[in-house]
Protein chains: 2
Amino acid sequence: MKSALVTIGDEILIGQVADTNAAWISSRLNQIGVAVGEMVTVPDDPGQITSTLDRYMGLYDLVIMTGGLGPTKDDMTKQTLAAYFDSPLVTVPGVLERITAYFNERGRRMIDSNIRQADVPQVCQVLMNNQGTAPGMWFERDGTILVSLPGVPYEMEGLMEEEVLPRIRQLVEVPGVVHRTVMTQGVPESYLAELLKDLEAGLPACVKLAYMPQPGIVRLRLTISGKCAGESEQMLEVIIGKLEKIIPQHIFGYDDVSLEKVLGELLAERGLTVATAESCTGGNVARLITSVPGSSGYYTGSVIAYQDRIKTEVLQVDEALIKRFGAVSRQVVEQMARGVRKQLGTDTAIATSGIAGPDGGSEAKPVGTIWIAVACGGRVIAKRFRFGGSRERIIAQASYTAMQLLRRLVLDHI
Amino acid sequence: MKSALVTIGDEILIGQVADTNAAWISSRLNQIGVAVGEMVTVPDDPGQITSTLDRYMGLYDLVIMTGGLGPTKDDMTKQTLAAYFDSPLVTVPGVLERITAYFNERGRRMIDSNIRQADVPQVCQVLMNNQGTAPGMWFERDGTILVSLPGVPYEMEGLMEEEVLPRIRQLVEVPGVVHRTVMTQGVPESYLAELLKDLEAGLPACVKLAYMPQPGIVRLRLTISGKCAGESEQMLEVIIGKLEKIIPQHIFGYDDVSLEKVLGELLAERGLTVATAESCTGGNVARLITSVPGSSGYYTGSVIAYQDRIKTEVLQVDEALIKRFGAVSRQVVEQMARGVRKQLGTDTAIATSGIAGPDGGSEAKPVGTIWIAVACGGRVIAKRFRFGGSRERIIAQASYTAMQLLRRLVLDHI
């Protein structure tokens, strides 16, 4: 089964928001073996919506369209679909009841535009929206299924999980295409490509290796398709075995698992707690660690010591060391790690101190210079890094590098 | 001038990354008056790249294509473009020099695939990439300009700023279309739509109002075009004046400014410092505040007190209060704000305590219940909120709400 995604929304075309819905939908479709052949974003414009449908209906097995179904006046997808399928808008009593209940539960008054959300083209099947008020719609014509969903991410996700994916799953036979993503930290893309050069050269034609860099992380995506289909799983095992030999210290997981989740599971498994003492990363390491549900089991707390006074007063860093070596130094970052571990009574700790920029750099310590220390058991390890790019990129790279260092220290792989 | 964007990359079609490049490019193009009529994402597949070019060349004035130019083996855009324009690949000495210098500066060895990056189709103009190794390319045919750029975000952005946008700017006459975005915090989209119902009904036909919600924030985008073009600016002033009367306490800025930046500027202007004491938000408020360059001028530090022990030991919250009212209570969050302000010696403070979920809720305090306290001068204000959605959404909503509360307290608008 081959699909295309259509996103409707001026806000995406003028660049105010990135299209995260399309990413989410294609990820879920790929998991059940439905390839996405194309994604397109068009404006809230009946003519362009119609010409896109003309192009895709009959060409793809499935077209999923998001956006343009809200109660506000800028949305016109439903009217366009009614015209496209030449089917009048009718009120669906079940939907109207649901919308009414939705408003009653929240103690909010229904307005006219909310009531009109219960109208759909007569020809479609209604998909119930349990997260909001705009129903989803399912059409079929010319061998193509067209699904229209609201653009609000959690409403779209709810409709996909509860209504759309279960139906699609029944329609598709899972083909032999297999994806696997190897998550790496600590090696830039082009250096990684060089390390893996021989491995790549030896891959059979049906295996595709793609590099997907983001700040601090490179994902290696392996796709096995075509002739190898029957042996995909075994082939993956062999290739991943080779990767684990070439870059053992850089791989932290598989299939889009996050480093914060991997680190959290490791800490939970070993019964260890963690605290962070952050300067240049400003709470980003703590935020990542606590983004994992259940992190309260191993995460105690943190001290963000942006000003030196907090480093000395709260984290008990020796003032003389800051004067002598500067706040961005091995000596200070080691004391920060020790200090936060002692103050918050944890088993392990992460500390960061550096220059995230754009200002504050010097010749000896240019923007991007970051000291990171990690502590576990009797060991405290500190390393100096030099990251490139914007303030945001530098903070992201430092945060992932810090978590990976602690992970390696806990595993005794450092 | 009308443009289309083409993103090449299997990683986007399988949903591993969202297409943030397209959002960035369209935002920059719109700023200089170039509308984006369509965005499409196609795989690293010569046939599909070619058929997309067939559709867009001649139809749009400008086509910007990103991706598929990296040194790794999965990229094939350049070969496809050479075939499409029937032009042989030739080595550009200036580019080869630059790539060589790039590698020398970083003390890295050049590999064969890096050298091949200096090859481009003979017919194109080369755009120098100062951030990386893959050059950009500029083609013209059938009245359409086609620009091909690498997909790595900071390389693409550098090429756009330094090479592409200056050339485009010379080609376009700025039309009368005006966009303005009003940033609001604290009102859900549908409630906002109701508040603005009468205003919307009275807008002239050439004015478009769009609601763009994200967790904790709703952007209101006003677009004025067509017949009103000559008076766009005056008309905007009038509409914004009305908005400021209807929702004065919810507007925090204009044109995509972030709340963290607005709050930072306010604190800097008043000479006030800030600290945060975070429980459920886990460092996210601190991260947002410190994401602003120059935040070290007003941000001192934070204590993330995930466990109650840290609340009592470091923030000096009364243990008896936690026992009596629970950690998620007015009493505790007020003491957290006072405690962190005293401990870190700041003028203002933000404190959060709540249940971000997915576990930990109860009937009295369901998931999404968050207490927020803000302190400034002699005042400490605490409010209880109930946010919906995922853990991530709840944390984001709580963080923006907390910053907005402090902003309103500092402005004495609460």
# chains A, B, ... in the order shown; residues from 1 in each chain; ligands from 1
call {"tool": "residues_around", "arguments": {"residues": "Arg55 in chain A", "least_positions_apart": "3", "cutoff": "12 Å", "atoms": "only C-alpha atoms", "output": "list of chain:residue names"}}
result
A:Ala4, A:Val6, A:Glu38, A:Val40, A:Gln48, A:Ile49, A:Thr50, A:Ser51, A:Thr52, A:Gly58, A:Leu59, A:Tyr60, A:Val63, A:Asp142, A:Thr144, B:Arg55
call {"tool": "select_by_dssp", "arguments": {"residues": "range 110-322 of chain B", "states": "alpha helix (DSSP H)", "output": "ChimeraX atom specification"}}
result
/B:112-116,153-159,165-171,189-195,197-201,232-246,259-270,284-290,308-313,319-322
call {"tool": "residues_around", "arguments": {"residues": "range 15-28 of chain A", "least_positions_apart": "3", "cutoff": "9 Å", "atoms": "only C-alpha atoms", "output": "PyMOL selection string"}}
result
(chain A and resi 5-7+10-12+31-36+39+41+64+66+151-153+156-157+160+165) or (chain B and resi 12-30+212+256)
call {"tool": "residues_around", "arguments": {"residues": "Gln122 in chain A", "least_positions_apart": "2", "cutoff": "9 Å", "atoms": "only C-alpha atoms", "output": "list in words"}}
result
Ala82, Ser87, Pro88, Leu89, Val90, Thr91, Val92, Asp119, Val120, Cys124 and Gln125 of chain A
call {"tool": "write_last_selection", "arguments": {"atoms": "C-alpha atoms", "output": "short mmCIF file (atom, residue, chain, number, x, y, z; two decimals), in the first residue's frame"}}
result
data_model
loop_
_atom_site.label_atom_id
_atom_site.label_comp_id
_atom_site.auth_asym_id
_atom_site.auth_seq_id
_atom_site.Cartn_x
_atom_site.Cartn_y
_atom_site.Cartn_z
CA ALA A 82 -18.32 18.33 -0.17
CA SER A 87 -22.21 15.42 -1.75
CA PRO A 88 -24.27 17.75 0.46
CA LEU A 89 -23.24 18.58 4.04
CA VAL A 90 -25.52 16.85 6.51
CA THR A 91 -25.61 17.02 10.29
CA VAL A 92 -24.58 13.78 11.99
CA ASP A 119 -21.86 18.62 9.53
CA VAL A 120 -20.03 16.32 7.09
CA CYS A 124 -18.26 9.95 3.88
CA GLN A 125 -17.89 7.66 6.87
#
call {"tool": "closest_residue", "arguments": {"among": "A:Leu209, A:Val285, A:Leu409, A:Ala305", "to": "Ile395 in chain A", "atoms": "only C-alpha atoms"}}
result
A:Val285
call {"tool": "atom_distance", "arguments": {"atom1": "CA of Glu392 in chain B", "atom2": "CA of Ser291 in chain A"}}
result
6.9 Å
call {"tool": "select_by_dssp", "arguments": {"residues": "range 30-129 of chain A", "states": "strand (DSSP E)", "output": "mmCIF file with N, CA, C and O atoms, in the first residue's frame"}}
result
data_model
loop_
_atom_site.group_PDB
_atom_site.id
_atom_site.type_symbol
_atom_site.label_atom_id
_atom_site.label_comp_id
_atom_site.auth_asym_id
_atom_site.auth_seq_id
_atom_site.Cartn_x
_atom_site.Cartn_y
_atom_site.Cartn_z
ATOM 1 N N ALA A 35 4.131 2.659 2.933
ATOM 2 C CA ALA A 35 5.142 3.632 2.538
ATOM 3 C C ALA A 35 4.472 4.964 2.208
ATOM 4 O O ALA A 35 3.354 4.997 1.694
ATOM 5 N N VAL A 36 5.162 6.056 2.508
ATOM 6 C CA VAL A 36 4.676 7.382 2.111
ATOM 7 C C VAL A 36 5.501 7.818 0.906
ATOM 8 O O VAL A 36 6.715 7.969 0.991
ATOM 9 N N GLY A 37 4.845 7.983 -0.228
ATOM 10 C CA GLY A 37 5.552 8.288 -1.470
ATOM 11 C C GLY A 37 5.746 9.766 -1.686
ATOM 12 O O GLY A 37 6.622 10.178 -2.453
ATOM 13 N N GLU A 38 4.970 10.589 -1.016
ATOM 14 C CA GLU A 38 5.030 12.012 -1.271
ATOM 15 C C GLU A 38 4.270 12.727 -0.162
ATOM 16 O O GLU A 38 3.293 12.213 0.372
ATOM 17 N N MET A 39 4.742 13.926 0.175
ATOM 18 C CA MET A 39 4.025 14.790 1.122
ATOM 19 C C MET A 39 3.906 16.135 0.460
ATOM 20 O O MET A 39 4.875 16.619 -0.123
ATOM 21 N N VAL A 40 2.756 16.759 0.594
ATOM 22 C CA VAL A 40 2.624 18.078 0.001
ATOM 23 C C VAL A 40 1.883 18.993 0.966
ATOM 24 O O VAL A 40 1.046 18.534 1.754
ATOM 25 N N THR A 41 2.245 20.252 0.955
ATOM 26 C CA THR A 41 1.540 21.250 1.755
ATOM 27 C C THR A 41 0.946 22.281 0.812
ATOM 28 O O THR A 41 1.662 22.828 -0.038
ATOM 29 N N VAL A 42 -0.347 22.505 0.938
ATOM 30 C CA VAL A 42 -1.018 23.485 0.078
ATOM 31 C C VAL A 42 -1.774 24.477 0.958
ATOM 32 O O VAL A 42 -2.055 24.189 2.119
ATOM 33 N N LEU A 62 -3.826 5.388 -0.600
ATOM 34 C CA LEU A 62 -4.307 6.081 0.596
ATOM 35 C C LEU A 62 -3.796 7.512 0.566
ATOM 36 O O LEU A 62 -2.614 7.752 0.300
ATOM 37 N N VAL A 63 -4.685 8.454 0.810
ATOM 38 C CA VAL A 63 -4.293 9.858 0.930
ATOM 39 C C VAL A 63 -4.793 10.348 2.282
ATOM 40 O O VAL A 63 -5.989 10.217 2.583
ATOM 41 N N ILE A 64 -3.885 10.851 3.105
ATOM 42 C CA ILE A 64 -4.311 11.394 4.396
ATOM 43 C C ILE A 64 -4.094 12.900 4.362
ATOM 44 O O ILE A 64 -2.992 13.382 4.077
ATOM 45 N N MET A 65 -5.175 13.609 4.645
ATOM 46 C CA MET A 65 -5.184 15.060 4.549
ATOM 47 C C MET A 65 -5.408 15.603 5.957
ATOM 48 O O MET A 65 -6.309 15.138 6.657
ATOM 49 N N THR A 66 -4.589 16.526 6.391
ATOM 50 C CA THR A 66 -4.810 17.116 7.722
ATOM 51 C C THR A 66 -4.963 18.622 7.604
ATOM 52 O O THR A 66 -4.392 19.256 6.725
ATOM 53 N N LEU A 89 -23.606 18.668 2.616
ATOM 54 C CA LEU A 89 -23.244 18.582 4.035
ATOM 55 C C LEU A 89 -24.495 18.242 4.829
ATOM 56 O O LEU A 89 -25.537 18.876 4.669
ATOM 57 N N VAL A 90 -24.388 17.217 5.661
ATOM 58 C CA VAL A 90 -25.521 16.851 6.511
ATOM 59 C C VAL A 90 -25.046 16.803 7.959
ATOM 60 O O VAL A 90 -23.880 16.530 8.239
ATOM 61 N N THR A 91 -25.959 17.067 8.870
ATOM 62 C CA THR A 91 -25.609 17.021 10.287
ATOM 63 C C THR A 91 -25.656 15.578 10.768
ATOM 64 O O THR A 91 -26.629 14.865 10.515
ATOM 65 N N ASP A 119 -21.480 18.840 10.931
ATOM 66 C CA ASP A 119 -21.859 18.622 9.528
ATOM 67 C C ASP A 119 -20.713 17.959 8.760
ATOM 68 O O ASP A 119 -19.561 18.374 8.896
ATOM 69 N N VAL A 120 -21.046 16.949 7.953
ATOM 70 C CA VAL A 120 -20.034 16.319 7.092
ATOM 71 C C VAL A 120 -20.684 16.006 5.740
ATOM 72 O O VAL A 120 -21.913 15.888 5.649
ATOM 73 N N PRO A 121 -19.891 15.827 4.680
ATOM 74 C CA PRO A 121 -20.474 15.410 3.400
ATOM 75 C C PRO A 121 -21.162 14.050 3.568
ATOM 76 O O PRO A 121 -20.603 13.140 4.185
ATOM 77 N N GLN A 125 -17.729 8.300 5.566
ATOM 78 C CA GLN A 125 -17.888 7.659 6.867
ATOM 79 C C GLN A 125 -17.291 8.603 7.903
ATOM 80 O O GLN A 125 -16.195 9.140 7.701
ATOM 81 N N VAL A 126 -17.991 8.754 9.017
ATOM 82 C CA VAL A 126 -17.516 9.671 10.059
ATOM 83 C C VAL A 126 -16.547 8.945 10.987
ATOM 84 O O VAL A 126 -16.780 7.800 11.378
ATOM 85 N N LEU A 127 -15.445 9.606 11.339
ATOM 86 C CA LEU A 127 -14.489 9.074 12.309
ATOM 87 C C LEU A 127 -14.617 9.924 13.570
ATOM 88 O O LEU A 127 -14.437 11.139 13.527
#
call {"tool": "closest_residue", "arguments": {"among": "B:Met57, B:Tyr191, B:Ala375, B:Ala83", "to": "Ser113 in chain A", "atoms": "only C-alpha atoms"}}
result
B:Tyr191
call {"tool": "closest_residue", "arguments": {"among": "B:Val178, B:Ile350, B:Met128, B:Val123", "to": "Arg98 in chain B", "atoms": "only C-alpha atoms"}}
result
B:Met128
call {"tool": "closest_residue", "arguments": {"among": "A:Val332, A:Ile247, A:Val303, A:Ala201", "to": "Ala286 in chain B", "atoms": "only C-alpha atoms"}}
result
A:Val303
call {"tool": "residues_around", "arguments": {"residues": "Asp61 in chain A", "least_positions_apart": "2", "cutoff": "6 Å", "atoms": "only C-alpha atoms", "output": "number ranges by chain"}}
result
A: 1-3, 144
call {"tool": "closest_residue", "arguments": {"among": "A:Ile168, A:Leu220, A:Ala396, A:Ile372", "to": "Met183 in chain A", "atoms": "only C-alpha atoms"}}
result
A:Leu220
call {"tool": "atom_distance", "arguments": {"atom1": "CA of Gly216 in chain A", "atom2": "CA of Ser353 in chain A"}}
result
16.9 Å
call {"tool": "decode", "arguments": {"residues": "range 23-39 of chain A", "atoms": "all heavy atoms", "output": "PDB file, in the first residue's frame"}}
result
ATOM      1  N   ALA A  23       5.261  14.313   9.798  1.00  0.00           N
ATOM      2  CA  ALA A  23       6.314  13.435  10.322  1.00  0.00           C
ATOM      3  C   ALA A  23       5.697  12.341  11.191  1.00  0.00           C
ATOM      4  O   ALA A  23       6.030  11.158  11.066  1.00  0.00           O
ATOM      5  CB  ALA A  23       7.326  14.248  11.130  1.00  0.00           C
ATOM      6  N   TRP A  24       4.777  12.735  12.044  1.00  0.00           N
ATOM      7  CA  TRP A  24       4.151  11.769  12.946  1.00  0.00           C
ATOM      8  C   TRP A  24       3.373  10.715  12.152  1.00  0.00           C
ATOM      9  O   TRP A  24       3.499   9.517  12.379  1.00  0.00           O
ATOM     10  CB  TRP A  24       3.221  12.505  13.927  1.00  0.00           C
ATOM     11  CG  TRP A  24       2.702  11.639  15.017  1.00  0.00           C
ATOM     12  CD1 TRP A  24       3.273  11.443  16.243  1.00  0.00           C
ATOM     13  CD2 TRP A  24       1.517  10.825  14.997  1.00  0.00           C
ATOM     14  NE1 TRP A  24       2.517  10.570  16.977  1.00  0.00           N
ATOM     15  CE2 TRP A  24       1.437  10.175  16.241  1.00  0.00           C
ATOM     16  CE3 TRP A  24       0.528  10.591  14.044  1.00  0.00           C
ATOM     17  CZ2 TRP A  24       0.399   9.298  16.565  1.00  0.00           C
ATOM     18  CZ3 TRP A  24      -0.500   9.710  14.357  1.00  0.00           C
ATOM     19  CH2 TRP A  24      -0.563   9.076  15.603  1.00  0.00           C
ATOM     20  N   ILE A  25       2.575  11.176  11.193  1.00  0.00           N
ATOM     21  CA  ILE A  25       1.749  10.238  10.421  1.00  0.00           C
ATOM     22  C   ILE A  25       2.635   9.269   9.629  1.00  0.00           C
ATOM     23  O   ILE A  25       2.402   8.063   9.606  1.00  0.00           O
ATOM     24  CB  ILE A  25       0.807  10.992   9.460  1.00  0.00           C
ATOM     25  CG1 ILE A  25      -0.217  11.804  10.252  1.00  0.00           C
ATOM     26  CG2 ILE A  25       0.077  10.016   8.525  1.00  0.00           C
ATOM     27  CD1 ILE A  25      -1.090  12.721   9.386  1.00  0.00           C
ATOM     28  N   SER A  26       3.680   9.792   8.984  1.00  0.00           N
ATOM     29  CA  SER A  26       4.477   8.883   8.166  1.00  0.00           C
ATOM     30  C   SER A  26       5.225   7.885   9.030  1.00  0.00           C
ATOM     31  O   SER A  26       5.404   6.732   8.642  1.00  0.00           O
ATOM     32  CB  SER A  26       5.412   9.643   7.235  1.00  0.00           C
ATOM     33  OG  SER A  26       6.131  10.574   7.941  1.00  0.00           O
ATOM     34  N   SER A  27       5.625   8.313  10.221  1.00  0.00           N
ATOM     35  CA  SER A  27       6.285   7.368  11.104  1.00  0.00           C
ATOM     36  C   SER A  27       5.337   6.221  11.457  1.00  0.00           C
ATOM     37  O   SER A  27       5.697   5.042  11.385  1.00  0.00           O
ATOM     38  CB  SER A  27       6.736   8.112  12.363  1.00  0.00           C
ATOM     39  OG  SER A  27       7.017   7.217  13.396  1.00  0.00           O
ATOM     40  N   ARG A  28       4.096   6.545  11.802  1.00  0.00           N
ATOM     41  CA  ARG A  28       3.138   5.506  12.178  1.00  0.00           C
ATOM     42  C   ARG A  28       2.747   4.639  10.968  1.00  0.00           C
ATOM     43  O   ARG A  28       2.578   3.432  11.101  1.00  0.00           O
ATOM     44  CB  ARG A  28       1.884   6.146  12.801  1.00  0.00           C
ATOM     45  CG  ARG A  28       2.144   6.937  14.067  1.00  0.00           C
ATOM     46  CD  ARG A  28       2.592   6.080  15.244  1.00  0.00           C
ATOM     47  NE  ARG A  28       1.499   5.330  15.831  1.00  0.00           N
ATOM     48  CZ  ARG A  28       1.379   4.015  15.815  1.00  0.00           C
ATOM     49  NH1 ARG A  28       2.300   3.281  15.217  1.00  0.00           N
ATOM     50  NH2 ARG A  28       0.372   3.423  16.384  1.00  0.00           N
ATOM     51  N   LEU A  29       2.601   5.242   9.806  1.00  0.00           N
ATOM     52  CA  LEU A  29       2.252   4.453   8.617  1.00  0.00           C
ATOM     53  C   LEU A  29       3.383   3.486   8.269  1.00  0.00           C
ATOM     54  O   LEU A  29       3.145   2.318   7.959  1.00  0.00           O
ATOM     55  CB  LEU A  29       1.961   5.365   7.424  1.00  0.00           C
ATOM     56  CG  LEU A  29       0.644   6.141   7.455  1.00  0.00           C
ATOM     57  CD1 LEU A  29       0.536   7.027   6.213  1.00  0.00           C
ATOM     58  CD2 LEU A  29      -0.566   5.197   7.527  1.00  0.00           C
ATOM     59  N   ASN A  30       4.622   3.974   8.323  1.00  0.00           N
ATOM     60  CA  ASN A  30       5.752   3.106   8.009  1.00  0.00           C
ATOM     61  C   ASN A  30       5.813   1.912   8.956  1.00  0.00           C
ATOM     62  O   ASN A  30       6.170   0.818   8.549  1.00  0.00           O
ATOM     63  CB  ASN A  30       7.055   3.897   8.065  1.00  0.00           C
ATOM     64  CG  ASN A  30       7.390   4.521   6.716  1.00  0.00           C
ATOM     65  OD1 ASN A  30       7.932   3.853   5.842  1.00  0.00           O
ATOM     66  ND2 ASN A  30       7.037   5.775   6.533  1.00  0.00           N
ATOM     67  N   GLN A  31       5.471   2.152  10.227  1.00  0.00           N
ATOM     68  CA  GLN A  31       5.504   1.050  11.187  1.00  0.00           C
ATOM     69  C   GLN A  31       4.568  -0.081  10.793  1.00  0.00           C
ATOM     70  O   GLN A  31       4.824  -1.237  11.130  1.00  0.00           O
ATOM     71  CB  GLN A  31       5.114   1.556  12.581  1.00  0.00           C
ATOM     72  CG  GLN A  31       6.251   2.267  13.294  1.00  0.00           C
ATOM     73  CD  GLN A  31       5.766   2.965  14.565  1.00  0.00           C
ATOM     74  OE1 GLN A  31       4.700   2.667  15.082  1.00  0.00           O
ATOM     75  NE2 GLN A  31       6.556   3.895  15.065  1.00  0.00           N
ATOM     76  N   ILE A  32       3.465   0.247  10.134  1.00  0.00           N
ATOM     77  CA  ILE A  32       2.556  -0.842   9.747  1.00  0.00           C
ATOM     78  C   ILE A  32       2.748  -1.221   8.276  1.00  0.00           C
ATOM     79  O   ILE A  32       1.897  -1.886   7.688  1.00  0.00           O
ATOM     80  CB  ILE A  32       1.074  -0.515  10.063  1.00  0.00           C
ATOM     81  CG1 ILE A  32       0.593   0.720   9.277  1.00  0.00           C
ATOM     82  CG2 ILE A  32       0.867  -0.295  11.556  1.00  0.00           C
ATOM     83  CD1 ILE A  32      -0.919   0.867   9.294  1.00  0.00           C
ATOM     84  N   GLY A  33       3.871  -0.771   7.694  1.00  0.00           N
ATOM     85  CA  GLY A  33       4.216  -1.242   6.352  1.00  0.00           C
ATOM     86  C   GLY A  33       3.605  -0.427   5.220  1.00  0.00           C
ATOM     87  O   GLY A  33       3.598  -0.867   4.079  1.00  0.00           O
ATOM     88  N   VAL A  34       3.082   0.764   5.519  1.00  0.00           N
ATOM     89  CA  VAL A  34       2.537   1.615   4.461  1.00  0.00           C
ATOM     90  C   VAL A  34       3.586   2.687   4.135  1.00  0.00           C
ATOM     91  O   VAL A  34       3.919   3.507   4.983  1.00  0.00           O
ATOM     92  CB  VAL A  34       1.219   2.295   4.902  1.00  0.00           C
ATOM     93  CG1 VAL A  34       0.710   3.244   3.819  1.00  0.00           C
ATOM     94  CG2 VAL A  34       0.169   1.245   5.235  1.00  0.00           C
ATOM     95  N   ALA A  35       4.131   2.659   2.933  1.00  0.00           N
ATOM     96  CA  ALA A  35       5.142   3.632   2.538  1.00  0.00           C
ATOM     97  C   ALA A  35       4.472   4.964   2.208  1.00  0.00           C
ATOM     98  O   ALA A  35       3.354   4.997   1.694  1.00  0.00           O
ATOM     99  CB  ALA A  35       5.905   3.131   1.325  1.00  0.00           C
ATOM    100  N   VAL A  36       5.162   6.056   2.508  1.00  0.00           N
ATOM    101  CA  VAL A  36       4.676   7.382   2.111  1.00  0.00           C
ATOM    102  C   VAL A  36       5.501   7.818   0.906  1.00  0.00           C
ATOM    103  O   VAL A  36       6.715   7.969   0.991  1.00  0.00           O
ATOM    104  CB  VAL A  36       4.809   8.394   3.265  1.00  0.00           C
ATOM    105  CG1 VAL A  36       4.363   9.778   2.819  1.00  0.00           C
ATOM    106  CG2 VAL A  36       3.993   7.943   4.463  1.00  0.00           C
ATOM    107  N   GLY A  37       4.845   7.983  -0.228  1.00  0.00           N
ATOM    108  CA  GLY A  37       5.552   8.288  -1.470  1.00  0.00           C
ATOM    109  C   GLY A  37       5.746   9.766  -1.686  1.00  0.00           C
ATOM    110  O   GLY A  37       6.622  10.178  -2.453  1.00  0.00           O
ATOM    111  N   GLU A  38       4.970  10.589  -1.016  1.00  0.00           N
ATOM    112  CA  GLU A  38       5.030  12.012  -1.271  1.00  0.00           C
ATOM    113  C   GLU A  38       4.270  12.727  -0.162  1.00  0.00           C
ATOM    114  O   GLU A  38       3.293  12.213   0.372  1.00  0.00           O
ATOM    115  CB  GLU A  38       4.368  12.307  -2.636  1.00  0.00           C
ATOM    116  CG  GLU A  38       4.705  13.640  -3.217  1.00  0.00           C
ATOM    117  CD  GLU A  38       4.288  13.746  -4.699  1.00  0.00           C
ATOM    118  OE1 GLU A  38       4.137  12.712  -5.373  1.00  0.00           O
ATOM    119  OE2 GLU A  38       4.107  14.883  -5.165  1.00  0.00           O
ATOM    120  N   MET A  39       4.742  13.926   0.175  1.00  0.00           N
ATOM    121  CA  MET A  39       4.025  14.790   1.122  1.00  0.00           C
ATOM    122  C   MET A  39       3.906  16.135   0.460  1.00  0.00           C
ATOM    123  O   MET A  39       4.875  16.619  -0.123  1.00  0.00           O
ATOM    124  CB  MET A  39       4.880  15.054   2.354  1.00  0.00           C
ATOM    125  CG  MET A  39       5.097  13.917   3.268  1.00  0.00           C
ATOM    126  SD  MET A  39       6.238  14.518   4.561  1.00  0.00           S
ATOM    127  CE  MET A  39       6.380  13.021   5.503  1.00  0.00           C
TER     128      MET A  39
END
